[in-house]
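S.K.: Provided herewith: structure-v6.txt, compact mmCIF, C-alpha atoms.
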```txt
# COMPACT_ATOMS: atom_id res chain seq x y z
CA MET A 1 30.67 -4.20 -54.66
CA GLU A 2 31.11 -0.82 -56.38
CA LYS A 3 34.53 0.64 -55.75
CA ARG A 4 34.36 3.94 -53.90
CA GLY A 5 38.11 4.32 -53.47
CA LYS A 6 40.19 6.46 -55.79
CA THR A 7 43.64 5.52 -57.01
CA GLU A 8 45.35 8.53 -55.41
CA ARG A 9 47.17 7.43 -52.26
CA ILE A 10 46.77 9.47 -49.10
CA LEU A 11 48.67 7.15 -46.75
CA ASP A 12 51.63 4.90 -47.48
CA ILE A 13 53.11 2.66 -44.78
CA LYS A 14 56.33 0.76 -45.44
CA ASP A 15 58.04 -1.86 -43.27
CA LEU A 16 56.36 -0.70 -40.05
CA ARG A 17 57.90 -2.50 -37.08
CA VAL A 18 56.75 -1.79 -33.52
CA SER A 19 58.05 -3.43 -30.35
CA PHE A 20 57.13 -3.16 -26.66
CA HIS A 21 59.85 -3.50 -24.03
CA THR A 22 58.51 -5.54 -21.10
CA TYR A 23 60.00 -7.23 -18.05
CA ALA A 24 59.78 -10.53 -19.95
CA GLY A 25 61.55 -9.23 -23.05
CA GLU A 26 60.91 -7.38 -26.32
CA VAL A 27 57.47 -8.08 -27.75
CA GLN A 28 57.55 -7.65 -31.53
CA SER A 29 53.97 -6.50 -31.93
CA VAL A 30 54.10 -5.34 -35.57
CA ARG A 31 56.62 -7.01 -37.84
CA GLY A 32 57.26 -5.35 -41.18
CA THR A 33 53.77 -4.23 -42.16
CA THR A 34 53.41 -2.51 -45.54
CA PHE A 35 50.15 -1.15 -46.97
CA HIS A 36 48.52 1.96 -48.43
CA LEU A 37 45.21 3.83 -48.23
CA ASN A 38 43.58 5.58 -51.17
CA LYS A 39 41.56 8.78 -50.95
CA GLY A 40 37.91 8.18 -50.11
CA GLU A 41 38.11 4.39 -49.69
CA THR A 42 37.46 2.07 -46.77
CA LEU A 43 40.27 -0.31 -45.86
CA ALA A 44 39.41 -3.03 -43.34
CA VAL A 45 42.15 -4.48 -41.13
CA VAL A 46 40.94 -7.83 -39.80
CA GLY A 47 42.41 -10.31 -37.33
CA GLU A 48 41.98 -11.79 -33.85
CA SER A 49 42.92 -9.95 -30.65
CA GLY A 50 46.65 -9.37 -30.24
CA CYS A 51 47.51 -9.55 -33.95
CA GLY A 52 48.74 -5.93 -34.09
CA LYS A 53 45.72 -4.14 -35.58
CA THR A 54 45.31 -1.50 -32.87
CA VAL A 55 49.06 -1.00 -32.45
CA THR A 56 49.33 -0.31 -36.19
CA SER A 57 46.48 2.21 -36.10
CA LYS A 58 47.89 4.02 -33.04
CA ALA A 59 51.34 4.11 -34.64
CA ILE A 60 49.86 6.00 -37.60
CA MET A 61 48.86 8.83 -35.23
CA ARG A 62 51.93 8.45 -33.00
CA LEU A 63 49.74 7.66 -29.98
CA LEU A 64 51.98 4.91 -28.62
CA PRO A 65 53.99 5.59 -25.44
CA GLU A 66 57.33 6.28 -27.16
CA PRO A 67 60.23 5.70 -26.72
CA MET A 68 59.36 3.42 -23.77
CA PRO A 69 57.75 0.99 -23.52
CA ALA A 70 56.82 1.25 -27.21
CA GLU A 71 59.47 1.61 -29.90
CA ILE A 72 58.86 2.22 -33.61
CA LYS A 73 61.91 0.69 -35.25
CA GLU A 74 64.31 2.57 -37.50
CA GLY A 75 63.49 2.11 -41.17
CA SER A 76 59.72 2.25 -40.62
CA GLN A 77 57.86 4.79 -42.74
CA ILE A 78 54.38 6.31 -42.32
CA MET A 79 53.93 8.71 -45.24
CA PHE A 80 50.94 11.05 -45.09
CA ASP A 81 50.56 13.63 -47.87
CA GLY A 82 54.23 13.23 -48.72
CA LYS A 83 55.52 13.68 -45.14
CA ASN A 84 56.86 10.98 -42.82
CA VAL A 85 54.76 11.07 -39.63
CA LEU A 86 57.70 9.53 -37.76
CA ASP A 87 59.80 12.66 -38.46
CA MET A 88 57.18 15.13 -37.21
CA ASN A 89 57.73 17.21 -34.08
CA GLU A 90 55.11 17.71 -31.35
CA LYS A 91 53.64 20.83 -32.99
CA GLU A 92 53.20 19.04 -36.32
CA LEU A 93 51.67 16.02 -34.59
CA ARG A 94 49.12 18.21 -32.78
CA GLU A 95 48.07 19.65 -36.13
CA LEU A 96 47.90 16.17 -37.65
CA ARG A 97 45.74 14.60 -34.94
CA GLY A 98 42.10 15.51 -35.20
CA SER A 99 42.61 17.87 -38.12
CA ASP A 100 44.04 15.48 -40.74
CA ILE A 101 43.69 12.06 -39.08
CA SER A 102 41.10 11.20 -36.41
CA MET A 103 40.41 8.04 -34.48
CA ILE A 104 37.35 6.40 -32.93
CA PHE A 105 38.54 4.29 -30.01
CA GLN A 106 37.16 0.92 -28.89
CA ASP A 107 35.35 1.95 -25.72
CA PRO A 108 33.55 5.31 -25.87
CA MET A 109 32.86 5.29 -22.11
CA THR A 110 36.56 5.34 -21.28
CA SER A 111 37.43 7.65 -24.21
CA LEU A 112 34.93 10.37 -23.32
CA ASN A 113 35.67 12.64 -20.37
CA PRO A 114 33.02 11.82 -17.71
CA THR A 115 33.36 15.28 -16.08
CA MET A 116 32.73 17.32 -19.24
CA ILE A 117 29.50 17.77 -21.20
CA VAL A 118 29.55 16.10 -24.62
CA GLY A 119 29.12 19.32 -26.61
CA LYS A 120 32.17 20.85 -24.94
CA GLN A 121 34.24 17.78 -25.83
CA ILE A 122 33.35 18.23 -29.50
CA ALA A 123 33.89 22.00 -29.30
CA GLU A 124 37.37 21.53 -27.88
CA SER A 125 38.84 20.27 -31.15
CA LEU A 126 36.99 22.95 -33.14
CA ILE A 127 38.58 25.66 -30.99
CA ILE A 128 42.05 24.13 -31.32
CA HIS A 129 42.02 23.19 -35.01
CA ARG A 130 39.53 25.56 -36.65
CA GLY A 131 40.08 28.65 -34.50
CA MET A 132 36.45 29.07 -33.46
CA ASN A 133 35.41 30.92 -30.32
CA LYS A 134 33.45 29.05 -27.63
CA SER A 135 29.96 30.01 -28.80
CA GLU A 136 30.73 29.20 -32.45
CA ALA A 137 32.26 25.89 -31.45
CA MET A 138 29.24 24.89 -29.31
CA ALA A 139 26.87 25.76 -32.15
CA GLU A 140 28.95 23.62 -34.52
CA ALA A 141 29.03 20.80 -31.92
CA VAL A 142 25.23 20.73 -31.95
CA LYS A 143 25.30 20.47 -35.76
CA MET A 144 27.77 17.57 -35.52
CA LEU A 145 25.46 15.74 -33.11
CA GLU A 146 22.61 16.27 -35.58
CA LEU A 147 24.86 14.96 -38.37
CA VAL A 148 25.39 11.67 -36.50
CA ASN A 149 21.61 11.35 -35.97
CA ILE A 150 21.41 12.09 -32.24
CA PRO A 151 17.88 13.41 -31.49
CA ASN A 152 17.40 16.64 -29.49
CA ALA A 153 21.00 17.54 -30.27
CA ASP A 154 20.83 20.93 -28.55
CA LYS A 155 19.75 19.31 -25.27
CA ARG A 156 22.11 16.35 -25.65
CA ALA A 157 25.12 18.63 -26.21
CA ARG A 158 24.69 19.84 -22.62
CA GLN A 159 24.54 16.38 -21.09
CA TYR A 160 27.32 14.19 -19.71
CA PRO A 161 28.47 10.86 -21.24
CA HIS A 162 26.78 8.79 -18.50
CA GLU A 163 23.43 10.19 -19.66
CA PHE A 164 23.95 8.68 -23.13
CA SER A 165 23.26 5.08 -24.17
CA GLY A 166 26.12 2.97 -25.56
CA GLY A 167 25.08 3.61 -29.16
CA MET A 168 24.74 7.36 -28.54
CA ARG A 169 28.18 7.51 -26.91
CA GLN A 170 29.65 5.86 -29.99
CA ARG A 171 27.87 8.40 -32.19
CA ALA A 172 29.27 11.19 -30.02
CA MET A 173 32.76 9.74 -30.53
CA ILE A 174 32.18 9.78 -34.29
CA ALA A 175 31.05 13.42 -34.05
CA ILE A 176 34.26 14.33 -32.20
CA ALA A 177 36.39 12.45 -34.73
CA LEU A 178 34.73 14.09 -37.73
CA ALA A 179 34.37 17.60 -36.28
CA CYS A 180 37.38 18.95 -38.19
CA ASN A 181 36.60 17.07 -41.41
CA PRO A 182 39.73 14.87 -41.33
CA LYS A 183 41.15 13.25 -44.45
CA ILE A 184 41.47 9.89 -42.66
CA LEU A 185 39.21 8.32 -40.02
CA ILE A 186 40.57 5.32 -38.10
CA ALA A 187 37.72 3.34 -36.54
CA ASP A 188 39.11 0.87 -33.98
CA GLU A 189 36.46 -1.78 -33.25
CA PRO A 190 33.68 0.84 -33.47
CA THR A 191 30.91 -1.70 -32.80
CA THR A 192 32.44 -3.55 -29.83
CA ALA A 193 29.98 -4.11 -26.92
CA LEU A 194 27.01 -2.88 -28.98
CA ASP A 195 24.05 -5.07 -29.83
CA VAL A 196 23.61 -6.23 -33.43
CA THR A 197 20.98 -3.62 -34.36
CA ILE A 198 23.10 -0.73 -33.06
CA GLN A 199 26.19 -2.22 -34.76
CA ALA A 200 24.42 -2.06 -38.12
CA GLN A 201 23.32 1.54 -37.47
CA ILE A 202 26.86 2.64 -36.55
CA MET A 203 28.40 1.01 -39.64
CA GLU A 204 25.71 2.51 -41.86
CA LEU A 205 26.34 5.92 -40.28
CA ILE A 206 30.10 5.72 -40.91
CA GLY A 207 29.40 4.81 -44.54
CA GLU A 208 26.97 7.70 -45.00
CA LEU A 209 29.34 10.23 -43.45
CA GLN A 210 32.19 8.94 -45.57
CA GLU A 211 30.16 9.47 -48.73
CA LYS A 212 29.13 12.94 -47.57
CA LEU A 213 32.56 14.15 -46.38
CA GLY A 214 34.87 12.16 -48.68
CA THR A 215 36.89 10.81 -45.74
CA ALA A 216 39.09 7.73 -46.17
CA VAL A 217 38.43 5.11 -43.48
CA ILE A 218 40.63 2.47 -41.87
CA LEU A 219 38.25 0.04 -40.17
CA VAL A 220 39.93 -2.12 -37.52
CA THR A 221 37.94 -5.18 -36.47
CA HIS A 222 38.10 -8.88 -35.57
CA ASP A 223 34.76 -9.56 -37.25
CA LEU A 224 34.69 -10.14 -41.03
CA GLY A 225 30.90 -9.99 -40.91
CA VAL A 226 31.06 -6.31 -39.96
CA VAL A 227 33.09 -5.27 -43.01
CA ALA A 228 31.23 -7.15 -45.76
CA ASP A 229 29.01 -4.25 -46.80
CA VAL A 230 31.25 -1.27 -46.05
CA ALA A 231 34.86 -2.05 -47.04
CA ASP A 232 36.52 -1.67 -50.43
CA ARG A 233 39.63 -3.68 -49.54
CA ILE A 234 40.49 -6.06 -46.70
CA GLN A 235 43.85 -7.00 -45.25
CA VAL A 236 44.12 -9.91 -42.84
CA MET A 237 46.68 -9.64 -40.01
CA TYR A 238 48.16 -12.44 -37.96
CA ALA A 239 51.01 -12.23 -35.41
CA GLY A 240 51.98 -8.70 -36.43
CA GLN A 241 52.05 -9.35 -40.18
CA ILE A 242 49.67 -8.98 -43.11
CA ILE A 243 49.18 -12.49 -44.47
CA GLU A 244 46.52 -11.79 -47.12
CA ARG A 245 45.02 -8.74 -48.79
CA GLY A 246 42.46 -8.16 -51.51
CA THR A 247 39.16 -6.59 -52.47
CA VAL A 248 36.05 -7.56 -50.52
CA ASP A 249 34.96 -9.93 -53.30
CA GLU A 250 38.40 -11.58 -53.44
CA ILE A 251 38.58 -12.16 -49.68
CA PHE A 252 34.99 -13.39 -49.34
CA TYR A 253 34.69 -15.42 -52.56
CA ASN A 254 38.29 -16.39 -53.33
CA PRO A 255 40.22 -16.50 -50.02
CA GLN A 256 43.63 -18.16 -50.27
CA HIS A 257 45.17 -18.32 -46.78
CA PRO A 258 44.11 -21.02 -44.25
CA TYR A 259 43.81 -18.35 -41.55
CA THR A 260 41.41 -16.35 -43.73
CA TRP A 261 39.44 -19.57 -44.24
CA ALA A 262 39.26 -20.00 -40.46
CA LEU A 263 38.00 -16.43 -39.95
CA LEU A 264 35.34 -16.83 -42.62
CA GLN A 265 34.16 -20.18 -41.26
CA SER A 266 33.69 -18.65 -37.79
CA VAL A 267 31.14 -16.12 -39.11
CA PRO A 268 27.49 -17.24 -38.60
CA ARG A 269 25.75 -17.86 -41.94
CA LEU A 270 22.23 -17.66 -43.27
CA GLY A 271 20.54 -20.92 -42.47
CA THR A 272 22.64 -21.59 -39.37
CA LYS A 273 20.49 -23.45 -36.85
CA ASN A 274 20.44 -22.77 -33.11
CA LYS A 275 22.26 -25.99 -32.25
CA ASP A 276 24.84 -25.76 -35.06
CA VAL A 277 28.40 -25.46 -33.72
CA LEU A 278 30.44 -22.64 -35.25
CA TYR A 279 33.92 -23.38 -36.49
CA SER A 280 36.57 -22.91 -33.80
CA LEU A 281 40.26 -22.36 -34.53
CA HIS A 282 42.32 -24.40 -32.08
CA GLY A 283 45.62 -23.39 -30.51
CA THR A 284 47.00 -19.97 -29.65
CA PRO A 285 48.96 -17.30 -31.54
CA PRO A 286 52.77 -17.49 -31.31
CA ASP A 287 54.82 -15.80 -28.59
CA LEU A 288 56.02 -12.55 -30.17
CA ILE A 289 58.90 -12.27 -27.70
CA LYS A 290 60.39 -15.15 -29.70
CA PRO A 291 58.55 -15.13 -33.04
CA PRO A 292 58.76 -18.30 -35.14
CA VAL A 293 61.30 -18.35 -37.98
CA GLY A 294 58.71 -19.80 -40.35
CA CYS A 295 55.07 -19.00 -41.01
CA PRO A 296 53.52 -17.67 -37.78
CA PHE A 297 50.33 -19.65 -38.44
CA ALA A 298 52.12 -22.99 -38.92
CA ALA A 299 51.43 -24.40 -35.42
CA ARG A 300 47.65 -23.96 -35.86
CA CYS A 301 47.37 -24.81 -39.57
CA GLU A 302 45.95 -28.20 -40.57
CA TYR A 303 47.78 -27.92 -43.90
CA CYS A 304 51.20 -27.26 -42.34
CA MET A 305 54.26 -28.64 -44.16
CA GLU A 306 57.88 -28.84 -42.96
CA ILE A 307 58.87 -25.78 -45.00
CA CYS A 308 56.19 -23.78 -43.16
CA LYS A 309 58.09 -24.23 -39.89
CA GLU A 310 61.50 -23.47 -41.41
CA ALA A 311 61.04 -20.30 -43.49
CA MET A 312 58.63 -17.41 -43.99
CA PRO A 313 56.60 -17.82 -47.19
CA GLU A 314 57.16 -15.26 -49.92
CA VAL A 315 54.33 -12.99 -51.04
CA THR A 316 52.41 -14.52 -53.96
CA VAL A 317 50.68 -11.96 -56.20
CA LEU A 318 47.36 -13.40 -57.35
CA SER A 319 45.97 -10.30 -59.06
CA ASP A 320 46.48 -6.53 -59.17
CA THR A 321 44.69 -6.33 -55.83
CA GLN A 322 45.15 -9.72 -54.11
CA GLU A 323 48.30 -11.05 -52.43
CA VAL A 324 48.89 -13.90 -49.98
CA SER A 325 51.83 -15.17 -47.92
CA CYS A 326 51.47 -18.95 -47.83
CA TRP A 327 53.63 -21.91 -48.90
CA LEU A 328 50.52 -23.60 -50.32
CA LYS A 329 50.81 -21.19 -53.25
CA HIS A 330 54.25 -22.56 -54.17
CA PRO A 331 54.22 -24.53 -57.47
CA MET A 332 55.64 -27.63 -55.71
CA ALA A 333 53.12 -27.58 -52.84
CA PRO A 334 50.26 -30.10 -52.78
CA LYS A 335 47.00 -28.76 -54.15
CA VAL A 336 44.60 -27.79 -51.36
CA GLU A 337 40.98 -26.89 -52.05
CA VAL A 338 39.09 -24.06 -50.37
CA PRO A 339 36.82 -25.56 -47.65
CA GLU A 340 33.48 -26.58 -49.15
CA ILE A 341 31.43 -24.28 -46.91
CA LEU A 342 33.27 -21.24 -48.31
CA LYS A 343 32.50 -22.22 -51.90
CA ARG A 344 28.77 -21.83 -51.28
CA GLY A 345 28.96 -18.06 -50.82
CA GLU A 346 26.42 -18.07 -47.99
CA MET A 347 27.71 -14.92 -46.24
```
Mind turning this structure into structure tokens?
M.R.:
Amino acid sequence: MEKRGKTERILDIKDLRVSFHTYAGEVQSVRGTTFHLNKGETLAVVGESGCGKTVTSKAIMRLLPEPMPAEIKEGSQIMFDGKNVLDMNEKELRELRGSDISMIFQDPMTSLNPTMIVGKQIAESLIIHRGMNKSEAMAEAVKMLELVNIPNADKRARQYPHEFSGGMRQRAMIAIALACNPKILIADEPTTALDVTIQAQIMELIGELQEKLGTAVILVTHDLGVVADVADRIQVMYAGQIIERGTVDEIFYNPQHPYTWALLQSVPRLGTKNKDVLYSLHGTPPDLIKPPVGCPFAARCEYCMEICKEAMPEVTVLSDTQEVSCWLKHPMAPKVEVPEILKRGEM
């Protein structure tokens, strides 16, 4: 894949730790996450439900209910354009959201206001962030709907969300998110509940708009199949931690963590027959009220060793772009081959 991303960093996150205080105890949802985003690139954050993907993305925009029940721990850093988002006041955060960083949420039907026409919802951010009057903002809203390929944009701008199909609502959400030409777009499961054809159209649209506007994208998803053609880099999350990261080619053709292997094996492949059984990962993620002292994946890993249960593996640097946290990479560990099905490159 041709690299679209530039080397200049626009976002730098260090040791991000987020907890939720519940009646049962403190849930350590994100546990020391560190990563960066370059200008103009697409970074995919992949993992199963509950791994901390959405919490991480909402923390970037300070959309979590702080200080209770959510708490971003002291020592966490979210650096955007040289400023720590965690030190910003309410006025600075209002300027940041929508203008510099925008987000597409999982369910457009619950994210859009059902009592307000779609054009007005787009115009709202244009009035707030770009200082337009109402007529200018509505005219620009129509242009944004045209940009995201909604037909009869002038008519559609005056309709309510319930009059839109699922795919059109998602396009409207993209129009709202991109209205102020943000530097970063966070897309949280943008294709959830859409059929496969519409999924492909939405992902293609995000890619086209990124090329046109130069926006950096953080794509949050549980489906590795969705990111294959659009991402520059992928980081795999499990139990609130990043356990592997690399370029698309490295993750798809040279994966190193057993959890990454499991994710890849669960993706349907070319040549899969109707009666073929997809790979299923057994067990459940660990309880993050009492996280394990060792590798969080140990209880579900068929290659688990005693050391895996006793201590967290160190990060092994495999290349300038690929890292993995797994005891199998230790020089004294037994040699384990990548599953045969992943060697065939049939994605």
S.K.: Measure the distance from CA of Leu43 (chain A) to CA of Gly294 (chain A) in Å and round it to one decimal.
M.R.: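 Computing the Euclidean distance for CA of Leu43 (chain A) and CA of Gly294 (chain A) yields 27.4 Å.
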S.K.: Find the residues around Ala239 (chain A) up to 8 Å (only C-alpha atoms counted), leave out those fewer than 5 positions away in its own chain, and share them as a ChimeraX atom specification.
M.R.: /A:29-30,50-52,285-286,288,296
S.K.: Write out as JSON lines a residue-level contact list of region 166-281 of chain A versus region 131-147 of chain A with cut-off 9 Å: for each qualifying residue the closest pair of atoms and the distance in Å to one decimal, counting all atoms listed in the file, rows sorted by chain and residue number upward.
M.R.:
```
{"residue": "A:Arg171", "atom": "CA", "partner": "A:Leu145", "partner_atom": "CA", "distance": 7.8}
{"residue": "A:Ala172", "atom": "CA", "partner": "A:Leu145", "partner_atom": "CA", "distance": 6.7}
{"residue": "A:Ala175", "atom": "CA", "partner": "A:Met144", "partner_atom": "CA", "distance": 5.5}
{"residue": "A:Ile176", "atom": "CA", "partner": "A:Met144", "partner_atom": "CA", "distance": 8.0}
{"residue": "A:Leu178", "atom": "CA", "partner": "A:Met144", "partner_atom": "CA", "distance": 8.1}
{"residue": "A:Ala179", "atom": "CA", "partner": "A:Met144", "partner_atom": "CA", "distance": 6.6}
{"residue": "A:Leu209", "atom": "CA", "partner": "A:Leu147", "partner_atom": "CA", "distance": 8.3}
```
S.K.: Can you measure CA of Ile13 (chain A) to CA of Thr54 (chain A) for me? One decimal in Å is fine.
M.R.: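 Atom-to-atom, CA of Ile13 (chain A) to CA of Thr54 (chain A), that is 14.8 Å.
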S.K.: Between CA of Ser49 (chain A) and CA of Ser111 (chain A), what is the spacing in Å?
M.R.: 19.5 Å
S.K.: Compile a residue-level contact table for region 89-121 of chain A against region 74-84 of chain A at a cut-off of 10 Å, reporting for every qualifying residue the shortest atom pair and its distance in Å to one decimal, with all atoms listed in the file counted, rows ordered by chain and ascending number, as a tab-separated table.
M.R.:
```
residue	atom	partner	partner_atom	distance
A:Leu96	CA	A:Phe80	CA	9.5
A:Asp100	CA	A:Phe80	CA	9.3
A:Ile101	CA	A:Phe80	CA	9.5
```
S.K.: Pick out the closest residue to Val217 (chain A) from this set: A:Pro182, A:Gly283, A:Gly167, A:Gly119. Count only C-alpha atoms.
M.R.: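 Closest residue, counting only C-alpha atoms: A:Pro182.
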S.K.: Go ahead and fit an axis-aligned box to every listed atom of region 27-36 of chain A plus 5 Å each side, and pass me the centre and edge lengths in Å, one decimal, as JSON.
M.R.:
```
{"center_x": 53.0, "center_y": -3.1, "center_z": -38.1, "size_x": 19.0, "size_y": 20.0, "size_z": 30.7}
```
S.K.: For Leu194 (chain A), which residue among A:Met168, A:Ile128, A:Ile150, A:Leu263 is the nearest when counting only C-alpha atoms?
M.R.: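 Nearest to Leu194 (chain A): A:Met168.
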S.K.: Go ahead and find all residues with at least one atom no further than 9 Å from (44.8, 8.0, -52.2) in the file's coordinates, using only C-alpha atoms; report them as a VMD selection string.
M.R.: chain A and resid 5 to 12 36 to 41 216
S.K.: Keeping only C-alpha atoms, take the residues you just selected and write them out as a compact mmCIF listing (two decimals), in the frame of the given file.
M.R.:
```txt
# COMPACT_ATOMS: atom_id res chain seq x y z
CA GLY A 5 38.11 4.32 -53.47
CA LYS A 6 40.19 6.46 -55.79
CA THR A 7 43.64 5.52 -57.01
CA GLU A 8 45.35 8.53 -55.41
CA ARG A 9 47.17 7.43 -52.26
CA ILE A 10 46.77 9.47 -49.10
CA LEU A 11 48.67 7.15 -46.75
CA ASP A 12 51.63 4.90 -47.48
CA HIS A 36 48.52 1.96 -48.43
CA LEU A 37 45.21 3.83 -48.23
CA ASN A 38 43.58 5.58 -51.17
CA LYS A 39 41.56 8.78 -50.95
CA GLY A 40 37.91 8.18 -50.11
CA GLU A 41 38.11 4.39 -49.69
CA ALA A 216 39.09 7.73 -46.17
```
S.K.: Give me, as a list in words, all polymer residues having an atom no more than 10 Å from Gln241 (chain A), counting only C-alpha atoms and skipping those fewer than 2 positions away in the same chain.
M.R.: Leu16, Arg17, Ser29, Val30, Arg31, Gly32, Thr33, Thr34, Cys51, Gly52, Lys53, Gln235, Val236, Met237, Tyr238, Ala239, Ile243, Glu244, Pro296 and Ser325 of chain A
S.K.: With all atoms listed in the file as the atoms that count, which of A:His330, A:Lys14, A:Lys335, A:Lys73 lies nearest to Ile307 (chain A)?
M.R.: A:His330
S.K.: Under the rule that all atoms listed in the file are counted, which of A:Gly47, A:Gly225, A:Pro292, A:Pro69 is the nearest residue to His21 (chain A)?
M.R.: A:Pro69
S.K.: Take the point (54.3, 16.1, -38.4) in the file's coordinates, draw a sphere of radius 10 Å around it, and report as a PyMOL selection string every protein, DNA or RNA residue with an atom inside or on it, counting only C-alpha atoms.
M.R.: chain A and resi 61-62+80+83-97
S.K.: Since the input lacks atoms, please generate all heavy atoms for region 124-130 of chain A and provide them as a compact mmCIF listing (two decimals), in the frame of the given file.
M.R.:
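Resulting contents of out_32.txt:
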```
# COMPACT_ATOMS: atom_id res chain seq x y z
N GLU A 124 35.96 21.41 -28.20
CA GLU A 124 37.37 21.53 -27.88
C GLU A 124 38.26 21.44 -29.12
O GLU A 124 39.15 22.27 -29.33
CB GLU A 124 37.76 20.42 -26.88
CG GLU A 124 38.93 20.77 -25.99
CD GLU A 124 39.09 19.74 -24.88
OE1 GLU A 124 38.83 18.54 -25.12
OE2 GLU A 124 39.46 20.13 -23.76
N SER A 125 38.01 20.43 -29.95
CA SER A 125 38.84 20.27 -31.15
C SER A 125 38.56 21.36 -32.18
O SER A 125 39.44 21.77 -32.94
CB SER A 125 38.61 18.89 -31.78
OG SER A 125 37.27 18.73 -32.18
N LEU A 126 37.32 21.86 -32.21
CA LEU A 126 36.99 22.95 -33.14
C LEU A 126 37.71 24.24 -32.77
O LEU A 126 38.15 25.01 -33.62
CB LEU A 126 35.48 23.18 -33.14
CG LEU A 126 34.63 22.02 -33.67
CD1 LEU A 126 33.17 22.23 -33.33
CD2 LEU A 126 34.81 21.88 -35.17
N ILE A 127 37.85 24.47 -31.47
CA ILE A 127 38.58 25.66 -30.99
C ILE A 127 40.06 25.54 -31.32
O ILE A 127 40.70 26.49 -31.80
CB ILE A 127 38.36 25.85 -29.48
CG1 ILE A 127 36.89 26.19 -29.19
CG2 ILE A 127 39.28 26.94 -28.92
CD1 ILE A 127 36.51 26.11 -27.72
N ILE A 128 40.61 24.35 -31.10
CA ILE A 128 42.05 24.13 -31.32
C ILE A 128 42.40 24.14 -32.80
O ILE A 128 43.34 24.82 -33.23
CB ILE A 128 42.49 22.78 -30.69
CG1 ILE A 128 42.36 22.84 -29.17
CG2 ILE A 128 43.93 22.44 -31.09
CD1 ILE A 128 42.55 21.50 -28.49
N HIS A 129 41.63 23.39 -33.63
CA HIS A 129 42.02 23.19 -35.01
C HIS A 129 41.38 24.15 -36.01
O HIS A 129 41.96 24.40 -37.07
CB HIS A 129 41.70 21.75 -35.44
CG HIS A 129 42.50 20.71 -34.71
ND1 HIS A 129 43.86 20.58 -34.86
CD2 HIS A 129 42.13 19.76 -33.82
CE1 HIS A 129 44.30 19.59 -34.11
NE2 HIS A 129 43.27 19.09 -33.45
N ARG A 130 40.19 24.67 -35.68
CA ARG A 130 39.53 25.56 -36.65
C ARG A 130 39.42 26.99 -36.16
O ARG A 130 38.85 27.85 -36.83
CB ARG A 130 38.14 24.99 -36.98
CG ARG A 130 38.26 23.72 -37.83
CD ARG A 130 36.96 22.98 -38.03
NE ARG A 130 35.92 23.77 -38.66
CZ ARG A 130 34.71 23.30 -38.97
NH1 ARG A 130 34.43 22.03 -38.70
NH2 ARG A 130 33.81 24.06 -39.53
```
